[in-house]
file work_0.cif (mmCIF, N, CA and C atoms)
data_final
#
loop_
_atom_site.label_atom_id
_atom_site.label_comp_id
_atom_site.auth_asym_id
_atom_site.auth_seq_id
_atom_site.Cartn_x
_atom_site.Cartn_y
_atom_site.Cartn_z
N MET A 1 16.41 -2.12 -9.64
CA MET A 1 16.16 -0.71 -9.47
C MET A 1 14.83 -0.32 -10.12
N ARG A 2 14.53 -0.92 -11.27
CA ARG A 2 13.29 -0.59 -11.97
C ARG A 2 12.07 -0.99 -11.12
N MET A 3 12.18 -2.10 -10.38
CA MET A 3 11.07 -2.53 -9.54
C MET A 3 10.75 -1.45 -8.51
N VAL A 4 11.78 -0.87 -7.92
CA VAL A 4 11.57 0.17 -6.92
C VAL A 4 11.00 1.42 -7.57
N GLU A 5 11.49 1.77 -8.75
CA GLU A 5 10.93 2.92 -9.47
C GLU A 5 9.45 2.71 -9.76
N ASN A 6 9.07 1.50 -10.14
CA ASN A 6 7.65 1.20 -10.38
C ASN A 6 6.85 1.31 -9.10
N THR A 7 7.46 0.92 -7.99
CA THR A 7 6.80 1.02 -6.69
C THR A 7 6.46 2.47 -6.37
N LEU A 8 7.30 3.38 -6.80
CA LEU A 8 7.11 4.80 -6.50
C LEU A 8 6.23 5.51 -7.52
N ARG A 9 5.91 4.83 -8.59
CA ARG A 9 5.16 5.45 -9.69
C ARG A 9 3.74 5.85 -9.28
N PHE A 10 3.10 5.05 -8.45
CA PHE A 10 1.73 5.34 -8.03
C PHE A 10 1.74 5.95 -6.63
N GLU A 11 1.40 7.21 -6.55
CA GLU A 11 1.33 7.87 -5.25
C GLU A 11 -0.07 7.70 -4.70
N PRO A 12 -0.18 7.44 -3.40
CA PRO A 12 -1.51 7.34 -2.80
C PRO A 12 -2.29 8.64 -3.03
N PRO A 13 -3.58 8.53 -3.34
CA PRO A 13 -4.38 9.70 -3.68
C PRO A 13 -4.85 10.48 -2.45
N LEU A 14 -3.90 11.17 -1.84
CA LEU A 14 -4.23 12.00 -0.69
C LEU A 14 -4.10 13.46 -1.08
N GLY A 15 -5.14 14.22 -0.77
CA GLY A 15 -5.13 15.64 -1.07
C GLY A 15 -4.77 16.45 0.16
N TRP A 16 -5.18 17.70 0.15
CA TRP A 16 -4.92 18.59 1.27
C TRP A 16 -5.50 18.01 2.55
N PHE A 17 -4.78 18.15 3.62
CA PHE A 17 -5.20 17.70 4.94
C PHE A 17 -5.51 16.21 4.98
N GLY A 18 -4.89 15.45 4.08
CA GLY A 18 -5.05 14.00 4.09
C GLY A 18 -6.37 13.51 3.52
N LYS A 19 -7.10 14.35 2.84
CA LYS A 19 -8.38 13.92 2.26
C LYS A 19 -8.11 12.91 1.14
N ILE A 20 -8.83 11.80 1.19
CA ILE A 20 -8.68 10.75 0.19
C ILE A 20 -9.42 11.17 -1.07
N LYS A 21 -8.71 11.13 -2.19
CA LYS A 21 -9.31 11.52 -3.47
C LYS A 21 -9.68 10.28 -4.26
N GLY A 22 -10.95 10.19 -4.61
CA GLY A 22 -11.39 9.13 -5.50
C GLY A 22 -11.13 9.54 -6.94
N GLU A 23 -11.41 8.63 -7.86
CA GLU A 23 -11.24 8.94 -9.27
C GLU A 23 -12.19 10.07 -9.65
N SER A 24 -11.69 11.02 -10.43
CA SER A 24 -12.51 12.17 -10.80
C SER A 24 -13.17 12.01 -12.16
N LYS A 25 -12.70 11.06 -12.94
CA LYS A 25 -13.29 10.85 -14.26
C LYS A 25 -13.25 9.36 -14.58
N GLY A 26 -13.74 9.02 -15.73
CA GLY A 26 -13.74 7.61 -16.13
C GLY A 26 -15.01 6.91 -15.70
N GLU A 27 -14.93 5.59 -15.65
CA GLU A 27 -16.10 4.78 -15.34
C GLU A 27 -16.45 4.75 -13.86
N ARG A 28 -15.51 5.11 -13.01
CA ARG A 28 -15.69 4.94 -11.57
C ARG A 28 -15.45 6.23 -10.78
N PRO A 29 -16.14 7.31 -11.08
CA PRO A 29 -15.90 8.55 -10.32
C PRO A 29 -16.24 8.35 -8.84
N GLY A 30 -15.40 8.89 -7.98
CA GLY A 30 -15.61 8.79 -6.54
C GLY A 30 -15.15 7.48 -5.94
N MET A 31 -14.64 6.58 -6.78
CA MET A 31 -14.16 5.28 -6.29
C MET A 31 -12.64 5.33 -6.15
N LEU A 32 -12.13 4.49 -5.26
CA LEU A 32 -10.70 4.37 -5.05
C LEU A 32 -10.24 3.01 -5.53
N GLU A 33 -9.28 2.99 -6.42
CA GLU A 33 -8.69 1.73 -6.89
C GLU A 33 -7.60 1.37 -5.88
N ILE A 34 -7.97 0.54 -4.90
CA ILE A 34 -7.14 0.32 -3.71
C ILE A 34 -5.82 -0.38 -4.01
N LYS A 35 -5.81 -1.21 -5.03
CA LYS A 35 -4.55 -1.89 -5.37
C LYS A 35 -3.53 -0.87 -5.88
N LYS A 36 -3.96 0.00 -6.77
CA LYS A 36 -3.08 1.04 -7.31
C LYS A 36 -2.76 2.10 -6.26
N ALA A 37 -3.71 2.39 -5.39
CA ALA A 37 -3.55 3.43 -4.38
C ALA A 37 -2.55 3.06 -3.29
N GLY A 38 -2.36 1.75 -3.05
CA GLY A 38 -1.46 1.41 -1.95
C GLY A 38 -0.91 0.00 -1.94
N ILE A 39 -1.74 -0.98 -2.27
CA ILE A 39 -1.30 -2.37 -2.14
C ILE A 39 -0.11 -2.66 -3.05
N PHE A 40 -0.16 -2.19 -4.29
CA PHE A 40 0.93 -2.43 -5.23
C PHE A 40 2.25 -1.90 -4.70
N ALA A 41 2.26 -0.67 -4.20
CA ALA A 41 3.49 -0.07 -3.69
C ALA A 41 4.05 -0.86 -2.52
N LEU A 42 3.17 -1.33 -1.65
CA LEU A 42 3.64 -2.08 -0.49
C LEU A 42 4.19 -3.44 -0.89
N THR A 43 3.45 -4.19 -1.70
CA THR A 43 3.91 -5.54 -2.06
C THR A 43 5.21 -5.49 -2.86
N ASP A 44 5.31 -4.59 -3.82
CA ASP A 44 6.53 -4.52 -4.62
C ASP A 44 7.70 -3.93 -3.84
N GLY A 45 7.42 -3.00 -2.95
CA GLY A 45 8.49 -2.46 -2.10
C GLY A 45 9.04 -3.51 -1.16
N ILE A 46 8.15 -4.29 -0.57
CA ILE A 46 8.57 -5.39 0.31
C ILE A 46 9.37 -6.41 -0.50
N LYS A 47 8.90 -6.70 -1.70
CA LYS A 47 9.61 -7.65 -2.57
C LYS A 47 11.01 -7.15 -2.90
N ALA A 48 11.16 -5.86 -3.20
CA ALA A 48 12.48 -5.30 -3.52
C ALA A 48 13.43 -5.41 -2.34
N LEU A 49 12.94 -5.11 -1.14
CA LEU A 49 13.78 -5.23 0.05
C LEU A 49 14.16 -6.69 0.31
N ALA A 50 13.21 -7.59 0.08
CA ALA A 50 13.48 -9.02 0.29
C ALA A 50 14.52 -9.53 -0.71
N ILE A 51 14.40 -9.13 -1.96
CA ILE A 51 15.38 -9.54 -2.98
C ILE A 51 16.77 -9.01 -2.60
N GLU A 52 16.82 -7.77 -2.16
CA GLU A 52 18.10 -7.18 -1.74
C GLU A 52 18.73 -8.00 -0.61
N ALA A 53 17.89 -8.53 0.29
CA ALA A 53 18.38 -9.31 1.42
C ALA A 53 18.56 -10.79 1.09
N GLY A 54 18.27 -11.17 -0.16
CA GLY A 54 18.43 -12.56 -0.56
C GLY A 54 17.29 -13.46 -0.12
N LEU A 55 16.15 -12.86 0.19
CA LEU A 55 14.97 -13.61 0.63
C LEU A 55 13.99 -13.67 -0.54
N LEU A 56 13.98 -14.77 -1.24
CA LEU A 56 13.27 -14.82 -2.52
C LEU A 56 11.90 -15.47 -2.46
N ASP A 57 11.58 -16.18 -1.39
CA ASP A 57 10.32 -16.92 -1.34
C ASP A 57 9.34 -16.29 -0.36
N GLY A 58 8.07 -16.64 -0.55
CA GLY A 58 7.04 -16.29 0.41
C GLY A 58 6.14 -15.15 -0.03
N SER A 59 5.09 -14.99 0.74
CA SER A 59 4.13 -13.91 0.52
C SER A 59 4.71 -12.62 1.08
N SER A 60 4.02 -11.53 0.89
CA SER A 60 4.49 -10.25 1.43
C SER A 60 4.60 -10.31 2.95
N THR A 61 3.63 -10.92 3.60
CA THR A 61 3.66 -11.04 5.06
C THR A 61 4.85 -11.89 5.50
N GLN A 62 5.08 -13.00 4.81
CA GLN A 62 6.22 -13.86 5.14
C GLN A 62 7.54 -13.14 4.88
N ARG A 63 7.60 -12.37 3.82
CA ARG A 63 8.83 -11.62 3.52
C ARG A 63 9.10 -10.58 4.60
N LEU A 64 8.05 -9.91 5.06
CA LEU A 64 8.23 -8.92 6.13
C LEU A 64 8.79 -9.58 7.38
N GLU A 65 8.23 -10.73 7.74
CA GLU A 65 8.72 -11.45 8.92
C GLU A 65 10.18 -11.86 8.73
N ALA A 66 10.52 -12.34 7.54
CA ALA A 66 11.91 -12.74 7.26
C ALA A 66 12.84 -11.52 7.30
N LEU A 67 12.39 -10.39 6.77
CA LEU A 67 13.19 -9.17 6.82
C LEU A 67 13.41 -8.72 8.25
N ARG A 68 12.37 -8.81 9.06
CA ARG A 68 12.47 -8.45 10.48
C ARG A 68 13.48 -9.37 11.16
N ALA A 69 13.34 -10.68 10.95
CA ALA A 69 14.23 -11.66 11.60
C ALA A 69 15.68 -11.47 11.17
N ALA A 70 15.88 -11.08 9.91
CA ALA A 70 17.24 -10.89 9.40
C ALA A 70 17.81 -9.52 9.78
N GLY A 71 16.99 -8.67 10.39
CA GLY A 71 17.45 -7.33 10.73
C GLY A 71 17.75 -6.50 9.49
N ALA A 72 17.02 -6.78 8.42
CA ALA A 72 17.32 -6.17 7.12
C ALA A 72 16.52 -4.91 6.83
N LEU A 73 15.82 -4.39 7.83
CA LEU A 73 14.99 -3.21 7.56
C LEU A 73 15.64 -1.92 8.05
N GLY A 74 16.79 -2.05 8.66
CA GLY A 74 17.61 -0.90 9.01
C GLY A 74 16.86 0.30 9.53
N LYS A 75 16.90 1.37 8.77
CA LYS A 75 16.37 2.66 9.21
C LYS A 75 14.84 2.71 9.29
N LEU A 76 14.18 1.71 8.77
CA LEU A 76 12.72 1.69 8.89
C LEU A 76 12.33 1.55 10.35
N GLY A 77 13.08 0.73 11.09
CA GLY A 77 12.85 0.57 12.53
C GLY A 77 11.61 -0.24 12.84
N GLU A 78 11.49 -0.62 14.09
CA GLU A 78 10.37 -1.45 14.53
C GLU A 78 9.03 -0.71 14.41
N MET A 79 9.01 0.57 14.77
CA MET A 79 7.76 1.32 14.68
C MET A 79 7.34 1.47 13.22
N GLY A 80 8.29 1.75 12.34
CA GLY A 80 7.98 1.86 10.92
C GLY A 80 7.50 0.55 10.35
N LEU A 81 8.10 -0.55 10.81
CA LEU A 81 7.68 -1.88 10.36
C LEU A 81 6.26 -2.18 10.81
N GLU A 82 5.94 -1.84 12.06
CA GLU A 82 4.58 -2.06 12.55
C GLU A 82 3.57 -1.23 11.76
N ASN A 83 3.91 0.02 11.46
CA ASN A 83 3.02 0.86 10.65
C ASN A 83 2.84 0.28 9.26
N LEU A 84 3.93 -0.24 8.69
CA LEU A 84 3.88 -0.86 7.37
C LEU A 84 2.96 -2.08 7.39
N GLU A 85 3.11 -2.92 8.40
CA GLU A 85 2.26 -4.11 8.53
C GLU A 85 0.79 -3.73 8.70
N GLU A 86 0.53 -2.73 9.54
CA GLU A 86 -0.85 -2.30 9.76
C GLU A 86 -1.45 -1.72 8.48
N SER A 87 -0.68 -0.94 7.75
CA SER A 87 -1.18 -0.38 6.49
C SER A 87 -1.50 -1.49 5.50
N PHE A 88 -0.57 -2.42 5.35
CA PHE A 88 -0.76 -3.53 4.42
C PHE A 88 -1.99 -4.35 4.81
N ASP A 89 -2.07 -4.73 6.09
CA ASP A 89 -3.19 -5.55 6.55
C ASP A 89 -4.53 -4.86 6.32
N PHE A 90 -4.60 -3.56 6.62
CA PHE A 90 -5.86 -2.85 6.46
C PHE A 90 -6.26 -2.74 4.99
N LEU A 91 -5.31 -2.40 4.13
CA LEU A 91 -5.63 -2.26 2.70
C LEU A 91 -6.09 -3.58 2.09
N VAL A 92 -5.41 -4.67 2.45
CA VAL A 92 -5.80 -5.99 1.93
C VAL A 92 -7.17 -6.38 2.47
N LEU A 93 -7.41 -6.13 3.76
CA LEU A 93 -8.71 -6.45 4.35
C LEU A 93 -9.82 -5.65 3.69
N MET A 94 -9.58 -4.37 3.45
CA MET A 94 -10.58 -3.51 2.79
C MET A 94 -10.87 -4.04 1.38
N ARG A 95 -9.83 -4.41 0.66
CA ARG A 95 -10.00 -4.95 -0.69
C ARG A 95 -10.83 -6.23 -0.66
N LEU A 96 -10.48 -7.14 0.23
CA LEU A 96 -11.21 -8.41 0.32
C LEU A 96 -12.66 -8.19 0.72
N ARG A 97 -12.88 -7.29 1.66
CA ARG A 97 -14.25 -7.02 2.09
C ARG A 97 -15.10 -6.49 0.94
N CYS A 98 -14.55 -5.58 0.16
CA CYS A 98 -15.28 -5.04 -0.99
C CYS A 98 -15.52 -6.11 -2.05
N GLN A 99 -14.57 -7.01 -2.22
CA GLN A 99 -14.74 -8.09 -3.19
C GLN A 99 -15.82 -9.07 -2.74
N VAL A 100 -15.86 -9.38 -1.45
CA VAL A 100 -16.91 -10.26 -0.93
C VAL A 100 -18.27 -9.60 -1.09
N GLU A 101 -18.36 -8.31 -0.78
CA GLU A 101 -19.63 -7.59 -0.95
C GLU A 101 -20.08 -7.61 -2.40
N ALA A 102 -19.15 -7.46 -3.33
CA ALA A 102 -19.50 -7.49 -4.76
C ALA A 102 -20.04 -8.86 -5.15
N ILE A 103 -19.41 -9.91 -4.69
CA ILE A 103 -19.87 -11.27 -4.99
C ILE A 103 -21.26 -11.50 -4.43
N ARG A 104 -21.49 -11.06 -3.20
CA ARG A 104 -22.82 -11.22 -2.58
C ARG A 104 -23.89 -10.46 -3.34
N ALA A 105 -23.50 -9.34 -3.95
CA ALA A 105 -24.45 -8.53 -4.72
C ALA A 105 -24.57 -8.98 -6.17
N GLY A 106 -23.86 -10.06 -6.53
CA GLY A 106 -23.93 -10.58 -7.88
C GLY A 106 -23.07 -9.84 -8.89
N ARG A 107 -22.14 -9.01 -8.39
CA ARG A 107 -21.24 -8.27 -9.28
C ARG A 107 -19.90 -8.99 -9.37
N THR A 108 -19.15 -8.66 -10.39
CA THR A 108 -17.79 -9.19 -10.53
C THR A 108 -16.89 -8.45 -9.55
N PRO A 109 -16.13 -9.17 -8.73
CA PRO A 109 -15.25 -8.49 -7.77
C PRO A 109 -14.12 -7.75 -8.49
N ASP A 110 -13.72 -6.62 -7.93
CA ASP A 110 -12.63 -5.84 -8.51
C ASP A 110 -11.83 -5.21 -7.37
N ASN A 111 -11.05 -4.21 -7.67
CA ASN A 111 -10.18 -3.58 -6.67
C ASN A 111 -10.67 -2.19 -6.25
N TYR A 112 -11.94 -1.90 -6.50
CA TYR A 112 -12.46 -0.57 -6.21
C TYR A 112 -13.19 -0.52 -4.88
N VAL A 113 -13.00 0.60 -4.18
CA VAL A 113 -13.68 0.87 -2.92
C VAL A 113 -14.54 2.11 -3.12
N ALA A 114 -15.81 2.00 -2.75
CA ALA A 114 -16.72 3.15 -2.83
C ALA A 114 -16.49 4.01 -1.59
N LEU A 115 -15.82 5.12 -1.77
CA LEU A 115 -15.46 5.96 -0.63
C LEU A 115 -16.68 6.47 0.12
N ASP A 116 -17.76 6.72 -0.61
CA ASP A 116 -18.97 7.24 0.05
C ASP A 116 -19.70 6.17 0.86
N GLN A 117 -19.28 4.93 0.76
CA GLN A 117 -19.89 3.84 1.53
C GLN A 117 -19.13 3.55 2.82
N LEU A 118 -18.00 4.22 3.03
CA LEU A 118 -17.20 4.00 4.23
C LEU A 118 -17.68 4.90 5.36
N ASN A 119 -17.71 4.35 6.57
CA ASN A 119 -18.06 5.19 7.72
C ASN A 119 -16.84 6.01 8.12
N ALA A 120 -17.01 6.90 9.09
CA ALA A 120 -15.94 7.82 9.48
C ALA A 120 -14.70 7.07 9.98
N MET A 121 -14.90 5.99 10.72
CA MET A 121 -13.77 5.23 11.24
C MET A 121 -13.00 4.56 10.11
N GLU A 122 -13.72 3.98 9.16
CA GLU A 122 -13.07 3.34 8.02
C GLU A 122 -12.31 4.36 7.17
N GLN A 123 -12.91 5.52 6.97
CA GLN A 123 -12.23 6.57 6.21
C GLN A 123 -10.95 7.01 6.92
N GLY A 124 -11.03 7.13 8.24
CA GLY A 124 -9.85 7.51 9.02
C GLY A 124 -8.75 6.46 8.94
N ARG A 125 -9.13 5.21 9.08
CA ARG A 125 -8.14 4.12 9.00
C ARG A 125 -7.55 4.02 7.59
N LEU A 126 -8.37 4.24 6.58
CA LEU A 126 -7.88 4.22 5.20
C LEU A 126 -6.88 5.35 4.98
N ARG A 127 -7.19 6.52 5.48
CA ARG A 127 -6.28 7.67 5.36
C ARG A 127 -4.94 7.35 6.03
N ILE A 128 -4.99 6.79 7.24
CA ILE A 128 -3.76 6.44 7.96
C ILE A 128 -2.97 5.38 7.19
N ALA A 129 -3.67 4.40 6.63
CA ALA A 129 -2.98 3.36 5.84
C ALA A 129 -2.30 3.96 4.62
N LEU A 130 -2.99 4.87 3.93
CA LEU A 130 -2.39 5.50 2.75
C LEU A 130 -1.22 6.41 3.13
N GLU A 131 -1.31 7.06 4.29
CA GLU A 131 -0.18 7.85 4.78
C GLU A 131 1.01 6.93 5.07
N GLY A 132 0.72 5.71 5.55
CA GLY A 132 1.77 4.72 5.77
C GLY A 132 2.45 4.33 4.46
N VAL A 133 1.68 4.27 3.39
CA VAL A 133 2.25 3.97 2.07
C VAL A 133 3.19 5.09 1.65
N VAL A 134 2.78 6.33 1.86
CA VAL A 134 3.63 7.48 1.52
C VAL A 134 4.95 7.40 2.29
N LYS A 135 4.87 7.10 3.58
CA LYS A 135 6.10 7.00 4.40
C LYS A 135 6.99 5.87 3.90
N PHE A 136 6.40 4.74 3.54
CA PHE A 136 7.18 3.61 3.04
C PHE A 136 7.84 3.96 1.71
N GLN A 137 7.12 4.66 0.84
CA GLN A 137 7.71 5.08 -0.43
C GLN A 137 8.88 6.04 -0.20
N THR A 138 8.75 6.92 0.79
CA THR A 138 9.85 7.83 1.12
C THR A 138 11.05 7.03 1.62
N PHE A 139 10.79 6.04 2.47
CA PHE A 139 11.86 5.17 2.96
C PHE A 139 12.56 4.48 1.79
N LEU A 140 11.78 3.90 0.87
CA LEU A 140 12.36 3.20 -0.28
C LEU A 140 13.19 4.14 -1.15
N ARG A 141 12.66 5.34 -1.37
CA ARG A 141 13.36 6.33 -2.20
C ARG A 141 14.75 6.62 -1.63
N HIS A 142 14.84 6.75 -0.31
CA HIS A 142 16.13 7.03 0.32
C HIS A 142 16.98 5.77 0.46
N HIS A 143 16.36 4.67 0.79
CA HIS A 143 17.09 3.41 0.96
C HIS A 143 17.82 3.02 -0.32
N PHE A 144 17.15 3.18 -1.44
CA PHE A 144 17.74 2.81 -2.73
C PHE A 144 18.36 4.02 -3.45
N SER A 145 18.49 5.13 -2.73
CA SER A 145 19.13 6.36 -3.23
C SER A 145 18.47 6.92 -4.49
N LEU A 146 17.19 6.69 -4.64
CA LEU A 146 16.48 7.22 -5.82
C LEU A 146 16.26 8.72 -5.71
N HIS A 147 16.34 9.25 -4.49
CA HIS A 147 16.17 10.70 -4.33
C HIS A 147 17.36 11.46 -4.92
N LEU A 148 18.47 10.76 -5.20
CA LEU A 148 19.65 11.40 -5.78
C LEU A 148 19.61 11.45 -7.30
N MET A 149 18.69 10.68 -7.88
CA MET A 149 18.58 10.64 -9.35
C MET A 149 17.58 11.68 -9.82
N ARG A 150 17.68 12.08 -11.06
CA ARG A 150 16.77 13.01 -11.75
C ARG A 150 17.47 14.27 -12.06
#
call {"tool": "encode", "arguments": {"input": "work_0.cif", "output": "structure tokens"}}
result
Amino acid sequence: MRMVENTLRFEPPLGWFGKIKGESKGERPGMLEIKKAGIFALTDGIKALAIEAGLLDGSSTQRLEALRAAGALGKLGEMGLENLEESFDFLVLMRLRCQVEAIRAGRTPDNYVALDQLNAMEQGRLRIALEGVVKFQTFLRHHFSLHLMR
């Protein structure tokens, strides 16, 4: 249960009308810490569902496939699963791309995305991916009955 609670601890930084909010203070103003913004919630949420289904091995992608094959995603449904996969794939791809760019520029790779360096299409896809994280967190909250606690 604690794993799922941790999954819900970090909400994707979406403001009014889905605007992506970068960090407002600290060392990286205007940057998005993509692992905290979405990847962590997806990987740990997938892991919690896999553990519940008795599927203990594999990567997040492998666990999703195993959950699909086992019919263990219930109310998430096929469309929700596809949205989850697309969100996960895009966030991981964005993270890797930024890390490769950092290495090419001689910087240490990290988990930050410069929001002002994204074109309109990338910003739109990032917003959709983060909205997918919000939907998945809502699913987890209800699936594990966490909405009844507090």
call {"tool": "residues_around", "arguments": {"input": "work_0.cif", "residues": "Phe139 of chain A", "least_positions_apart": "6", "cutoff": "8 Å", "atoms": "all atoms listed in the file", "output": "list in words"}}
result
Lys75, Leu76, Val133 and Ser145 of chain A
call {"tool": "closest_residue", "arguments": {"input": "work_0.cif", "among": "A:Leu56, A:Ala50, A:Ile20, A:Val113", "to": "Leu130 of chain A", "atoms": "only C-alpha atoms"}}
result
A:Ile20
call {"tool": "select_by_dssp", "arguments": {"input": "work_0.cif", "residues": "chain A", "states": "helix (DSSP H, G or I)", "output": "PyMOL selection string"}}
result
chain A and resi 2-9+16-18+34-52+60-70+74-104+115-117+120-143+146-148
call {"tool": "atom_distance", "arguments": {"input": "work_0.cif", "atom1": "atom N of Arg68 of chain A", "atom2": "atom CA of Thr138 of chain A"}}
result
18.6 Å
call {"tool": "residues_around", "arguments": {"input": "work_0.cif", "residues": "Arg95 of chain A", "least_positions_apart": "2", "cutoff": "12 Å", "atoms": "only C-alpha atoms", "output": "PyMOL selection string"}}
result
chain A and resi 32-39+88-93+97-102+109-114+126
call {"tool": "write_last_selection", "arguments": {"input": "work_0.cif", "atoms": "N, CA and C atoms", "output": "short mmCIF file (atom, residue, chain, number, x, y, z; two decimals), in the frame of the given file"}}
result
data_model
loop_
_atom_site.label_atom_id
_atom_site.label_comp_id
_atom_site.auth_asym_id
_atom_site.auth_seq_id
_atom_site.Cartn_x
_atom_site.Cartn_y
_atom_site.Cartn_z
N LEU A 32 -12.13 4.49 -5.26
CA LEU A 32 -10.70 4.37 -5.05
C LEU A 32 -10.24 3.01 -5.53
N GLU A 33 -9.28 2.99 -6.42
CA GLU A 33 -8.69 1.73 -6.89
C GLU A 33 -7.60 1.37 -5.88
N ILE A 34 -7.97 0.54 -4.90
CA ILE A 34 -7.14 0.32 -3.71
C ILE A 34 -5.82 -0.38 -4.01
N LYS A 35 -5.81 -1.21 -5.03
CA LYS A 35 -4.55 -1.89 -5.37
C LYS A 35 -3.53 -0.87 -5.88
N LYS A 36 -3.96 0.00 -6.77
CA LYS A 36 -3.08 1.04 -7.31
C LYS A 36 -2.76 2.10 -6.26
N ALA A 37 -3.71 2.39 -5.39
CA ALA A 37 -3.55 3.43 -4.38
C ALA A 37 -2.55 3.06 -3.29
N GLY A 38 -2.36 1.75 -3.05
CA GLY A 38 -1.46 1.41 -1.95
C GLY A 38 -0.91 0.00 -1.94
N ILE A 39 -1.74 -0.98 -2.27
CA ILE A 39 -1.30 -2.37 -2.14
C ILE A 39 -0.11 -2.66 -3.05
N PHE A 88 -0.57 -2.42 5.35
CA PHE A 88 -0.76 -3.53 4.42
C PHE A 88 -1.99 -4.35 4.81
N ASP A 89 -2.07 -4.73 6.09
CA ASP A 89 -3.19 -5.55 6.55
C ASP A 89 -4.53 -4.86 6.32
N PHE A 90 -4.60 -3.56 6.62
CA PHE A 90 -5.86 -2.85 6.46
C PHE A 90 -6.26 -2.74 4.99
N LEU A 91 -5.31 -2.40 4.13
CA LEU A 91 -5.63 -2.26 2.70
C LEU A 91 -6.09 -3.58 2.09
N VAL A 92 -5.41 -4.67 2.45
CA VAL A 92 -5.80 -5.99 1.93
C VAL A 92 -7.17 -6.38 2.47
N LEU A 93 -7.41 -6.13 3.76
CA LEU A 93 -8.71 -6.45 4.35
C LEU A 93 -9.82 -5.65 3.69
N ARG A 97 -12.88 -7.29 1.66
CA ARG A 97 -14.25 -7.02 2.09
C ARG A 97 -15.10 -6.49 0.94
N CYS A 98 -14.55 -5.58 0.16
CA CYS A 98 -15.28 -5.04 -0.99
C CYS A 98 -15.52 -6.11 -2.05
N GLN A 99 -14.57 -7.01 -2.22
CA GLN A 99 -14.74 -8.09 -3.19
C GLN A 99 -15.82 -9.07 -2.74
N VAL A 100 -15.86 -9.38 -1.45
CA VAL A 100 -16.91 -10.26 -0.93
C VAL A 100 -18.27 -9.60 -1.09
N GLU A 101 -18.36 -8.31 -0.78
CA GLU A 101 -19.63 -7.59 -0.95
C GLU A 101 -20.08 -7.61 -2.40
N ALA A 102 -19.15 -7.46 -3.33
CA ALA A 102 -19.50 -7.49 -4.76
C ALA A 102 -20.04 -8.86 -5.15
N PRO A 109 -16.13 -9.17 -8.73
CA PRO A 109 -15.25 -8.49 -7.77
C PRO A 109 -14.12 -7.75 -8.49
N ASP A 110 -13.72 -6.62 -7.93
CA ASP A 110 -12.63 -5.84 -8.51
C ASP A 110 -11.83 -5.21 -7.37
N ASN A 111 -11.05 -4.21 -7.67
CA ASN A 111 -10.18 -3.58 -6.67
C ASN A 111 -10.67 -2.19 -6.25
N TYR A 112 -11.94 -1.90 -6.50
CA TYR A 112 -12.46 -0.57 -6.21
C TYR A 112 -13.19 -0.52 -4.88
N VAL A 113 -13.00 0.60 -4.18
CA VAL A 113 -13.68 0.87 -2.92
C VAL A 113 -14.54 2.11 -3.12
N ALA A 114 -15.81 2.00 -2.75
CA ALA A 114 -16.72 3.15 -2.83
C ALA A 114 -16.49 4.01 -1.59
N LEU A 126 -8.37 4.24 6.58
CA LEU A 126 -7.88 4.22 5.20
C LEU A 126 -6.88 5.35 4.98
#
call {"tool": "atom_distance", "arguments": {"input": "work_0.cif", "atom1": "atom CA of Leu49 of chain A", "atom2": "atom CA of Ile128 of chain A"}}
result
22.5 Å
call {"tool": "closest_residue", "arguments": {"input": "work_0.cif", "among": "A:Phe40, A:Leu67, A:Phe17, A:Gln123", "to": "Leu55 of chain A", "atoms": "all atoms listed in the file"}}
result
A:Leu67
call {"tool": "atom_distance", "arguments": {"input": "work_0.cif", "atom1": "atom N of Ala72 of chain A", "atom2": "atom C of Arg127 of chain A"}}
result
26.2 Å
call {"tool": "select_by_dssp", "arguments": {"input": "work_0.cif", "residues": "segment 16-118 of chain A", "states": "strand (DSSP E or B)", "output": "list in words"}}
result
Ile20, Met31, Leu32, Glu33, Tyr112, Val113 and Ala114 of chain A
call {"tool": "closest_residue", "arguments": {"input": "work_0.cif", "among": "A:Asp116, A:Glu23, A:Glu131, A:Glu85", "to": "Thr61 of chain A", "atoms": "all atoms listed in the file"}}
result
A:Glu85
call {"tool": "residues_around", "arguments": {"input": "work_0.cif", "residues": "Gln137 of chain A", "least_positions_apart": "5", "cutoff": "7 Å", "atoms": "all atoms listed in the file", "output": "list in words"}}
result
Thr7, Leu8, Gly132 and His142 of chain A
call {"tool": "closest_residue", "arguments": {"input": "work_0.cif", "among": "A:Thr108, A:Ser87, A:Gln117, A:Thr43", "to": "Ser59 of chain A", "atoms": "all atoms listed in the file"}}
result
A:Thr43
call {"tool": "residues_around", "arguments": {"input": "work_0.cif", "residues": "Asp57 of chain A", "least_positions_apart": "5", "cutoff": "10 Å", "atoms": "only C-alpha atoms", "output": "ChimeraX atom specification"}}
result
/A:47,50-51,62-63,66
call {"tool": "closest_residue", "arguments": {"input": "work_0.cif", "among": "A:Leu140, A:Ala129, A:Met121, A:Ala69", "to": "Asn83 of chain A", "atoms": "all atoms listed in the file"}}
result
A:Ala129
call {"tool": "decode", "arguments": {"input": "work_0.cif", "residues": "segment 36-52 of chain A", "atoms": "C-alpha atoms", "output": "PDB file, in the first residue's frame"}}
result
ATOM      1  CA  LYS A  36       9.512  13.137 -10.707  1.00  0.00           C
ATOM      2  CA  ALA A  37       6.870  14.681 -12.983  1.00  0.00           C
ATOM      3  CA  GLY A  38       5.723  11.389 -14.454  1.00  0.00           C
ATOM      4  CA  ILE A  39       8.113   8.487 -14.948  1.00  0.00           C
ATOM      5  CA  PHE A  40       8.285   7.604 -11.241  1.00  0.00           C
ATOM      6  CA  ALA A  41       4.493   7.457 -10.877  1.00  0.00           C
ATOM      7  CA  LEU A  42       4.144   5.256 -13.942  1.00  0.00           C
ATOM      8  CA  THR A  43       6.927   2.792 -13.132  1.00  0.00           C
ATOM      9  CA  ASP A  44       5.928   2.361  -9.489  1.00  0.00           C
ATOM     10  CA  GLY A  45       2.216   2.191 -10.315  1.00  0.00           C
ATOM     11  CA  ILE A  46       2.874  -0.508 -12.905  1.00  0.00           C
ATOM     12  CA  LYS A  47       5.059  -2.324 -10.380  1.00  0.00           C
ATOM     13  CA  ALA A  48       2.288  -2.209  -7.736  1.00  0.00           C
ATOM     14  CA  LEU A  49      -0.261  -3.653 -10.166  1.00  0.00           C
ATOM     15  CA  ALA A  50       2.212  -6.344 -11.238  1.00  0.00           C
ATOM     16  CA  ILE A  51       2.955  -7.331  -7.631  1.00  0.00           C
ATOM     17  CA  GLU A  52      -0.778  -7.525  -6.935  1.00  0.00           C
TER      18      GLU A  52
END
